[in-house]
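Working notes for the structure below.
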Amino acid sequence: MRGHGDGARLGAAELGAEPGERATLVQFSSAFCRPCAATRRILADVASMVDGVAHVEVDAELNLDLVRALGIEKTPTVLVLDSGGRIVRQAAGMPRKADVIAALGAAV
């Protein structure tokens, strides 16, 4: 997962759900994306392991303005947000659980 240097911040209005108290795992998905289902399970599992971390899934097709603003080009794309909603990591494709846990270290 790579860092994201533009300082973008996402909150409940952009995500359509409340962010986590300590960090948020944001998953951009699409209806016909097979790796999105596996990514959903990985992120939900990690979020359940760490207090104050939420998993929020965003339908990329229904949120094209946000997708374009963030430069997201494929699904799944995962963003790790810190407690202030700042993007601290971003990765495209299905992540490994260990990489998600490591990326959370940059946020909490």
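Residues are named by chain letter and number: chains run A, B, ... in the order of the structure tokens, numbers start at 1 in each chain, and ligands are numbered from 1 in the order shown.
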How close does each residue of region 44-87 of chain A get to region 33-36 of chain A, giving the shortest atom pair and distance in Å to one decimal for every residue with an atom at most 9 Å away, counting only C-alpha atoms, sorted by chain and residue number, as a Markdown table?
```
| residue | atom | partner | partner_atom | distance |
| --- | --- | --- | --- | --- |
| A:Thr75 | CA | A:Cys33 | CA | 6.8 |
| A:Pro76 | CA | A:Cys36 | CA | 5.3 |
| A:Thr77 | CA | A:Cys36 | CA | 8.8 |
```
Excluding Val78 (chain A) and residues on its chain fewer than 4 positions from it, collect all residues at most 8 Å away from it, counting only C-alpha atoms, and give them as a list of chain:residue names. A:Leu25, A:Val26, A:Gln27, A:Phe28, A:Gln90, A:Ala91, A:Ala92, A:Gly93
Those of region 25-99 of chain A in DSSP strand (DSSP E), formatted as a ChimeraX atom specification: /A:25-29,53-59,77-82,87-92
Give me the residues within 10 Å of Leu15 (chain A) as JSON, numbers by chain, counting only C-alpha atoms and dropping any in the same chain fewer than 5 places off. {"A": [10, 26, 27, 56, 57, 58, 59, 63, 66]}
Fewer than 2 positions away in the same chain doesn't count, so skip those; otherwise give me all residues within 12 Å of Ala69 (chain A), counting only C-alpha atoms, as a list in words.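 My list of contacting residues is Asp6, Ala8, Arg9, Leu10, Glu14, Ala60, Asn63, Leu64, Asp65, Leu66, Val67, Gly71, Ile72 and Glu73 of chain A.
The closest residue to Ser83 (chain A), picked from A:Ile42, A:Ala106, A:Ala31, A:Met49 and counting only C-alpha atoms, is A:Ala106.
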DSSP on the backbone, helix (DSSP H, G or I) only: what residues of chain A does that give? Format it as a ChimeraX atom specification. /A:12-15,34-49,60-62,64-70,97-104
Looking at A:Val80, A:Met94, A:Ile101, A:Leu70, which one is nearest to Ser48 (chain A), with distances taken over only C-alpha atoms? A:Ile101
Just to confirm, what's the straight-line distance from CA of Gly84 (chain A) to CA of Val46 (chain A) in Å (one decimal)? 19.5 Å
One decimal, in Å: what's the spacing between CA of Thr24 (chain A) and CA of Leu81 (chain A)?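 So the two atoms, CA of Thr24 (chain A) and CA of Leu81 (chain A), lie 5.0 Å apart.
Taking only C-alpha atoms into account, Pro19 (chain A) lies nearest to A:Ala54 out of the set A:Ala54, A:Ala98, A:Val108, A:Leu79.
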Would you kindly return, as a PyMOL selection string, each protein, DNA or RNA residue with an atom no farther than 10 Å from any atom of Lys97 (chain A), considering only C-alpha atoms and excluding same-chain residues fewer than 6 positions away? chain A and resi 39+41-43+45-46+103
Under the rule that only C-alpha atoms are counted, which of A:Val53, A:Ala44, A:Leu62, A:Ala38 is the nearest residue to Pro95 (chain A)?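 Among A:Val53, A:Ala44, A:Leu62, A:Ala38, it is A:Ala38 that comes nearest to Pro95 (chain A).
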Nearest to Arg86 (chain A), chosen from A:Val50, A:Leu104, A:Ala23, A:Ala37, with only C-alpha atoms counted in the distances: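 Comparing A:Val50, A:Leu104, A:Ala23, A:Ala37 against Arg86 (chain A), the winner is A:Ala23.
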Quick one: pull the distance between CA of His55 (chain A) and CA of Val100 (chain A), Å, one decimal. 11.6 Å
